[in-house]
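K.L.:
Compact mmCIF, C-alpha atoms, file my_file.txt:
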# COMPACT_ATOMS: atom_id res chain seq x y z
CA MET A 25 0.00 0.00 0.00
CA ARG A 26 2.82 2.41 0.82
CA GLU A 27 4.38 1.71 -2.59
CA LEU A 28 1.05 2.39 -4.33
CA LYS A 29 0.64 5.69 -2.48
CA THR A 30 4.22 6.77 -3.25
CA ASN A 31 3.96 5.88 -6.94
CA SER A 32 0.64 7.68 -7.30
CA PHE A 33 1.94 10.83 -5.64
CA LEU A 34 5.11 10.80 -7.74
CA ALA A 35 3.00 10.40 -10.88
CA LEU A 36 0.97 13.45 -9.83
CA LEU A 37 4.13 15.49 -9.22
CA GLU A 38 5.62 14.47 -12.56
CA PHE A 39 2.46 15.39 -14.44
CA SER A 40 2.11 18.71 -12.61
CA PHE A 41 5.72 19.76 -13.21
CA LYS A 42 5.64 18.90 -16.91
CA SER A 43 2.31 20.66 -17.34
CA LEU A 44 3.50 24.06 -16.16
CA SER A 45 4.78 24.94 -19.62
CA GLN A 46 1.49 24.00 -21.30
CA ALA A 47 -1.57 26.21 -21.77
CA TYR A 48 -3.82 23.99 -19.67
CA GLY A 49 -1.25 23.98 -16.86
CA ARG A 50 -1.18 27.77 -16.75
CA VAL A 51 -4.99 27.96 -16.78
CA PHE A 52 -5.21 25.40 -13.99
CA MET A 53 -2.64 27.23 -11.85
CA ARG A 54 -4.03 30.71 -12.45
CA HIS A 55 -7.77 30.09 -12.33
CA ILE A 56 -8.03 27.14 -9.96
CA VAL A 57 -5.02 26.63 -7.68
CA LEU A 58 -3.94 30.23 -7.05
CA ARG A 59 -7.47 31.59 -7.00
CA HIS A 60 -8.61 28.93 -4.51
CA PRO A 61 -5.61 28.09 -2.29
CA LEU A 62 -7.63 26.80 0.68
CA ARG A 63 -9.68 24.53 -1.53
CA THR A 64 -6.46 23.24 -3.04
CA LEU A 65 -4.95 22.45 0.36
CA ARG A 66 -8.10 20.65 1.49
CA ALA A 67 -8.18 18.72 -1.76
CA LEU A 68 -4.55 17.66 -1.34
CA TRP A 69 -5.36 16.36 2.14
CA THR A 70 -8.36 14.43 0.82
CA TYR A 71 -6.30 13.13 -2.08
CA CYS A 72 -3.71 11.71 0.34
CA GLN A 73 -6.50 10.03 2.30
CA VAL A 74 -7.84 8.51 -0.91
CA LEU A 75 -4.39 7.11 -1.71
CA THR A 76 -4.16 5.64 1.76
CA ALA A 77 -7.29 3.61 1.00
CA GLY A 78 -5.27 1.72 -1.61
CA GLN A 79 -7.80 1.77 -4.46
CA ARG A 80 -6.61 0.00 -7.58
CA GLU A 81 -9.48 -0.85 -9.92
CA GLU A 82 -11.41 2.39 -9.52
CA ARG A 83 -10.83 5.69 -7.79
CA LEU A 84 -13.61 6.56 -5.34
CA LEU A 85 -13.78 10.26 -4.61
CA PHE A 86 -16.63 10.37 -2.13
CA ARG A 87 -17.38 9.82 1.52
CA GLY A 88 -19.89 7.29 2.73
CA GLY A 89 -21.01 4.18 0.95
CA GLU A 90 -22.05 3.65 -2.61
CA ASP A 91 -25.74 3.81 -1.72
CA GLU A 92 -25.24 7.27 -0.30
CA PHE A 93 -23.41 8.38 -3.44
CA VAL A 94 -26.23 7.04 -5.63
CA ARG A 95 -28.81 8.82 -3.48
CA ARG A 96 -27.01 12.15 -3.89
CA ALA A 97 -26.42 11.58 -7.61
CA ALA A 98 -30.08 10.76 -8.20
CA GLY A 99 -31.16 13.96 -6.52
CA ASN A 100 -28.98 16.25 -8.63
CA GLY A 101 -30.15 15.33 -12.11
CA GLY A 102 -27.95 16.95 -14.70
CA ARG A 103 -25.28 17.81 -12.13
CA LEU A 104 -24.15 14.20 -12.40
CA LEU A 105 -21.69 14.09 -15.30
CA VAL A 106 -20.71 10.92 -17.13
CA GLY A 107 -17.65 11.16 -19.34
CA THR A 108 -15.12 9.17 -21.33
CA GLY A 109 -12.41 10.08 -23.79
CA PHE A 110 -12.57 10.74 -27.51
CA CYS A 111 -10.17 7.82 -27.86
CA GLN A 112 -13.17 5.53 -27.27
CA LYS A 113 -14.57 6.57 -30.64
CA PRO A 114 -14.43 4.10 -33.54
CA LEU A 115 -11.55 4.60 -35.93
CA HIS A 116 -9.75 3.03 -38.88
CA ALA A 117 -12.21 3.17 -41.77
CA VAL A 118 -12.82 0.40 -44.23
CA PRO A 119 -14.50 1.05 -47.59
CA ARG A 120 -17.79 2.78 -46.98
CA GLN A 121 -20.92 0.68 -46.79
CA ARG A 122 -24.47 1.88 -46.84
CA SER A 123 -25.69 2.92 -43.41
CA ARG A 124 -28.19 0.63 -41.81
CA ASP A 125 -30.82 1.39 -39.23
CA ALA A 126 -29.68 1.57 -35.63
CA SER A 127 -32.65 2.12 -33.36
CA ALA A 128 -32.46 4.72 -30.64
CA ALA A 129 -34.36 2.31 -28.40
CA PRO A 130 -32.66 1.45 -25.07
CA PRO A 131 -29.72 -0.88 -25.74
CA ASN A 132 -29.40 -4.30 -24.18
CA PRO A 133 -26.32 -4.07 -21.88
CA ALA A 134 -25.47 -7.77 -22.29
CA GLN A 135 -25.65 -7.57 -26.07
CA ASP A 136 -23.73 -4.29 -26.07
CA MET A 137 -20.86 -5.74 -24.06
CA ALA A 138 -20.78 -8.90 -26.18
CA GLY A 139 -20.59 -6.76 -29.30
CA LEU A 140 -17.79 -4.67 -27.84
CA ARG A 141 -15.80 -7.77 -26.96
CA ARG A 142 -16.20 -9.14 -30.49
CA ARG A 143 -15.16 -5.91 -32.18
CA ARG A 144 -12.68 -4.16 -29.93
CA ASP A 145 -9.59 -6.12 -31.03
CA ALA A 146 -10.52 -5.94 -34.72
CA SER A 147 -11.29 -2.23 -34.46
CA ALA A 148 -7.97 -1.39 -32.83
CA ALA A 149 -6.13 -3.52 -35.39
CA GLY A 150 -7.46 -1.53 -38.31
CA SER A 151 -10.97 -2.65 -39.20
CA GLY A 152 -14.37 -1.23 -38.30
CA TYR A 153 -15.62 2.26 -39.07
CA ASP A 154 -14.51 5.80 -38.41
CA CYS A 155 -16.77 7.82 -36.13
CA PRO A 156 -19.05 9.85 -38.45
CA ALA A 157 -18.91 12.81 -36.04
CA GLY A 158 -15.12 13.02 -36.22
CA ARG A 159 -12.56 11.83 -33.71
CA PHE A 160 -10.91 14.66 -31.77
CA ASP A 161 -14.08 16.52 -30.86
CA HIS A 162 -16.95 16.50 -28.36
CA ASP A 163 -19.62 15.40 -30.83
CA CYS A 164 -21.73 12.27 -31.19
CA LEU A 165 -24.37 11.99 -33.90
CA TYR A 166 -26.23 9.27 -32.04
CA LEU A 167 -26.59 11.24 -28.81
CA SER A 168 -27.45 14.46 -30.62
CA ARG A 169 -30.46 12.72 -32.22
CA LEU A 170 -31.44 10.45 -29.34
CA GLU A 171 -35.11 10.58 -28.27
CA LEU A 172 -35.99 8.27 -25.39
CA ASP A 173 -39.71 8.57 -26.03
CA SER A 174 -39.43 7.97 -29.77
CA ARG A 175 -40.61 4.66 -31.22
CA SER A 176 -39.46 5.43 -34.72
CA GLU A 177 -36.15 4.16 -36.05
CA VAL A 178 -33.55 6.67 -37.15
CA GLN A 179 -30.74 5.93 -39.57
CA PHE A 180 -27.31 6.01 -37.99
CA HIS A 181 -23.88 5.13 -39.18
CA PRO A 182 -22.94 1.47 -38.44
CA ALA A 183 -20.09 2.68 -36.21
CA CYS A 184 -22.64 3.84 -33.63
CA THR A 185 -23.94 0.32 -33.03
CA ASP A 186 -21.07 -0.91 -30.84
CA CYS A 187 -19.57 2.37 -29.66
CA SER A 188 -19.12 2.60 -25.89
CA ILE A 189 -19.81 6.35 -26.07
CA ARG A 190 -23.26 5.55 -27.44
CA ILE A 191 -23.86 2.93 -24.74
CA LEU A 192 -22.74 5.10 -21.83
CA GLY A 193 -24.39 8.23 -23.21
CA HIS A 194 -27.72 6.44 -23.59
CA ALA A 195 -27.53 5.06 -20.06
CA ALA A 196 -26.56 8.50 -18.73
CA LEU A 197 -29.64 10.11 -20.26
CA ARG A 198 -31.88 7.45 -18.74
CA ALA A 199 -30.31 8.35 -15.39
CA GLY A 200 -30.96 12.06 -15.98
CA ALA A 201 -27.23 12.77 -16.16
CA SER A 202 -25.13 14.96 -18.41
CA PHE A 203 -22.55 13.38 -20.71
CA ALA A 204 -19.22 14.57 -22.08
CA VAL A 205 -16.81 13.27 -24.68
CA LEU A 206 -13.52 14.31 -23.09
CA THR A 207 -10.85 15.76 -25.37
CA SER A 208 -8.05 18.09 -24.26
CA ALA A 209 -7.14 19.04 -20.70
CA LEU A 210 -7.74 22.68 -21.60
CA ASP A 211 -11.31 21.94 -22.69
CA ILE A 212 -11.89 19.88 -19.55
CA ALA A 213 -10.76 22.86 -17.47
CA HIS A 214 -13.05 25.31 -19.28
CA ASP A 215 -16.06 23.03 -19.79
CA ILE A 216 -16.09 21.02 -16.56
CA LEU A 217 -13.71 22.09 -13.80
CA LEU A 218 -14.30 25.84 -13.82
CA PRO A 219 -18.12 25.55 -14.15
CA ALA A 220 -18.10 23.03 -11.31
CA LEU A 221 -15.94 25.28 -9.15
CA GLU A 222 -17.63 28.59 -9.87
CA GLU A 223 -21.25 27.62 -10.60
CA ARG A 224 -21.66 24.14 -9.06
CA ARG A 225 -22.82 23.06 -12.52
CA PHE A 226 -21.46 19.56 -11.91
CA THR A 227 -21.18 18.02 -8.46
CA ARG A 228 -20.63 14.32 -9.19
CA VAL A 229 -18.95 12.36 -11.96
CA LEU A 230 -18.58 8.90 -13.37
CA PHE A 231 -15.49 9.04 -15.60
CA ALA A 232 -13.58 6.48 -17.65
CA ILE A 233 -10.10 7.71 -18.57
CA CYS A 234 -6.57 6.43 -19.14
CA PRO A 235 -4.72 5.24 -16.00
CA TYR A 236 -2.03 7.90 -16.49
CA SER A 237 -4.68 10.63 -16.10
CA VAL A 238 -6.26 9.25 -12.93
CA GLU A 239 -3.97 11.09 -10.48
CA PRO A 240 -4.20 14.63 -11.93
CA MET A 241 -7.91 14.20 -12.66
CA SER A 242 -8.57 13.07 -9.09
CA LEU A 243 -6.94 16.15 -7.60
CA ALA A 244 -8.55 18.51 -10.12
CA LEU A 245 -12.01 17.17 -9.34
CA LEU A 246 -11.45 17.36 -5.59
CA ILE A 247 -10.33 20.99 -5.82
CA SER A 248 -13.43 21.73 -7.90
CA GLY A 249 -15.67 20.22 -5.23
CA VAL A 250 -16.70 17.23 -7.32
CA GLU A 251 -17.09 13.72 -5.95
CA GLY A 252 -17.45 10.52 -7.91
CA CYS A 253 -15.84 7.42 -9.39
CA ILE A 254 -12.99 7.32 -11.89
CA PHE A 255 -12.49 4.14 -13.88
CA HIS A 256 -9.57 3.44 -16.20
CA TYR A 257 -9.23 1.89 -19.63
CA HIS A 258 -8.28 -1.74 -19.87
CA ALA A 259 -6.00 -1.53 -22.91
CA ARG A 260 -4.29 0.79 -25.41
CA ALA A 261 -4.17 3.73 -23.01
CA CYS A 262 -1.38 6.29 -22.80
CA ALA A 263 1.54 4.93 -20.79
CA ASP A 264 3.55 8.10 -20.14
CA TYR A 265 3.48 11.88 -20.44
CA SER A 266 4.75 12.01 -24.01
CA GLN A 267 1.96 9.73 -25.20
CA TRP A 268 -0.57 11.63 -23.11
CA LEU A 269 0.58 14.97 -24.55
CA ARG A 270 0.19 13.70 -28.09
CA ALA A 271 -3.32 12.48 -27.31
CA ASP A 272 -4.10 15.80 -25.65
CA GLY A 273 -3.52 17.36 -29.05
CA GLY A 274 -5.65 14.80 -30.86
CA ASP A 275 -2.90 12.38 -31.94
CA LYS A 276 -4.14 9.05 -30.58
CA PRO A 277 -3.75 6.31 -33.22
CA GLU A 278 -5.17 3.54 -30.99
CA ARG A 279 -8.71 3.01 -29.81
CA THR A 280 -8.81 2.50 -26.05
CA VAL A 281 -10.77 -0.35 -24.53
CA LEU A 282 -13.01 -0.61 -21.48
CA SER A 283 -13.04 -4.04 -19.87
CA PRO A 284 -16.42 -5.82 -19.77
CA GLN A 285 -16.29 -5.58 -15.98
CA THR A 286 -15.74 -1.82 -16.03
CA LEU A 287 -18.51 -1.23 -18.55
CA ALA A 288 -20.87 -3.41 -16.53
CA ARG A 289 -19.95 -1.50 -13.38
CA LEU A 290 -20.63 1.87 -15.02
CA LEU A 291 -23.92 0.72 -16.51
CA GLY A 292 -24.95 -0.80 -13.19
CA LEU A 293 -24.36 2.46 -11.34
CA LEU A 294 -26.32 4.43 -13.95
CA GLU A 295 -29.18 1.94 -13.87
CA THR A 296 -29.30 2.25 -10.09
CA VAL A 297 -29.39 6.05 -10.32
CA ALA A 298 -32.16 5.83 -12.93
CA ALA A 299 -34.19 3.47 -10.74
CA ARG A 300 -33.76 5.74 -7.72
CA ARG A 301 -34.94 8.76 -9.71
CA CYS A 302 -37.91 6.80 -11.00
CA SER A 303 -38.91 5.70 -7.49
CA ARG A 304 -38.85 9.34 -6.42
CA GLY A 305 -41.11 10.33 -9.26
CA ASN A 306 -38.49 12.53 -10.94
CA ALA A 307 -39.28 13.47 -14.51
CA ARG A 308 -37.01 11.67 -16.96
CA PRO A 309 -35.42 13.85 -19.66
CA MET A 310 -36.08 12.66 -23.19
CA ARG A 311 -33.17 14.11 -25.14
CA TYR A 312 -29.84 15.91 -24.93
CA GLN A 313 -28.95 19.48 -25.73
CA GLN A 314 -25.26 20.12 -26.32
CA VAL A 315 -24.14 23.17 -24.34
CA SER A 316 -20.49 24.21 -24.05
CA HIS A 317 -19.35 20.84 -25.41
CA VAL A 318 -21.44 18.92 -22.85
CA PHE A 319 -24.61 16.95 -23.60
CA ARG A 320 -27.12 18.26 -21.05
CA PRO A 321 -30.40 16.41 -20.32
CA HIS A 322 -33.41 18.27 -21.64
Output the file's structure as structure tokens, nothing else.
P.N.:
Amino acid sequence: MRELKTNSFLALLEFSFKSLSQAYGRVFMRHIVLRHPLRTLRALWTYCQVLTAGQREERLLFRGGEDEFVRRAAGNGGRLLVGTGFCQKPLHAVPRQRSRDASAAPPNPAQDMAGLRRRRDASAAGSGYDCPAGRFDHDCLYLSRLELDSRSEVQFHPACTDCSIRILGHAALRAGASFAVLTSALDIAHDILLPALEERRFTRVLFAICPYSVEPMSLALLISGVEGCIFHYHARACADYSQWLRADGGDKPERTVLSPQTLARLLGLLETVAARRCSRGNARPMRYQQVSHVFRPH
């Protein structure tokens, strides 16, 4: 446990030092750390306590049990933010085929995970489809057209069928949560951290990111007053700062992979939040509206 805590803290220091020369590092220092020194000190203390807990598979940034976290998340609606990286988007195009219908009806989690397992290795190796919304951006054609109360089928690109962004985004809307396709650290600061810090726009998160980003993201969220769970990719994630910096600029030639267990865990949490909201009689949003790069329930 001591080794895990030391390695995590050293990884945070390395990332922080190397980031000072980057635009996002300057924004983070100027608008978050220096403007909120007491928050930063409290967050550092909490971060050290989190490391002491020795979490390996997921980073839990909240006090109390999971039931308590779900209760708070269900009560905040769109202030719960679900997010994963642009590197989860399909890539490596093959010759174009005619689009087939992909219903916007609620996906079957078991079928979704089976489809992901069948296609993830082939997709990363160079087959599959490119994301029709582009890769290094915050967009998703499926989520932008999703209507939970619609019974009609809408034509979507075949890439949407087995995309984890589609699966998580759909489940997030059913839970009344916001959803974000995470791109650069600078955009995350402007679109998520600062609004959370200054407006309390987001108070809880369920994120899936590369393991290298877990330490700086944990501290950034704690400073911003955000609690939640951070999960990490199972394969093809950035291994060091140089790879991370390339991906931060949009150069990520591999498609990252969520393990079936991680995807099931995320979907399970969102289903529990959705059920809790339903039992309370909360109105369920039917669609998303993209505001400041974030899909907000509407």
K.L.:
Near segment 37-46 of chain A, within 10 Å and counting only C-alpha atoms, which residues show up once chain neighbours fewer than 6 positions away are dropped, as an NGL selection string?
P.N.:
:A and (31 or 52-53 or 209-210 or 236-237 or 239-240 or 264-266 or 268-269)
K.L.:
From the set A:Arg320, A:Tyr257, A:Leu217, A:Thr185, which residue has the shortest atom-to-atom contact distance to Met241 of chain A, counting only C-alpha atoms?
P.N.:
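Among A:Arg320, A:Tyr257, A:Leu217, A:Thr185, it is A:Leu217 that comes nearest to Met241 of chain A.
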K.L.:
Which residue out of A:Val318, A:Leu36, A:Cys111, A:Ala244 has the minimum interatomic distance to Ala261 of chain A when all atoms listed in the file are used?
P.N.:
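Among the listed residues, A:Cys111 lies closest to Ala261 of chain A.
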K.L.:
Could you check the closest approach to Ala35 of chain A for each of A:Ala271, A:Arg308, A:Pro235, A:Gly158 and tell me which residue wins, using all atoms listed in the file?
P.N.:
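Of the candidates, the smallest distance to Ala35 of chain A is held by A:Pro235.
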K.L.:
So, with all atoms listed in the file as the atoms that count, which of A:Arg289, A:His214, A:Arg95, A:Lys113 lies closest to Phe255 of chain A?
P.N.:
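The closest residue to Phe255 of chain A is A:Arg289.
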K.L.:
Using only C-alpha atoms, which protein or nucleic acid residues come within 12 Å of Leu282 of chain A? Drop anything in the same chain fewer than 5 positions from it, and give the result as a ChimeraX atom specification.
P.N.:
/A:108-109,111-113,137,140-141,144-145,187-189,191-192,231-235,255-261,287-290
K.L.:
Of the candidates A:Arg300, A:Gly200, A:Ala263, A:Glu295, which one gets nearest to Leu104 of chain A if we count only C-alpha atoms?
P.N.:
A:Gly200
K.L.:
Give me the residues near Pro114 of chain A as a list of chain:residue names, where near means some atom within 7 Å (using only C-alpha atoms) and where sequence neighbours in that chain fewer than 4 positions away do not count.
P.N.:
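Once the adjacent positions are removed, what remains is A:Tyr153, A:Asp154, A:Cys155, A:Ala183, A:Cys187, A:Arg279.
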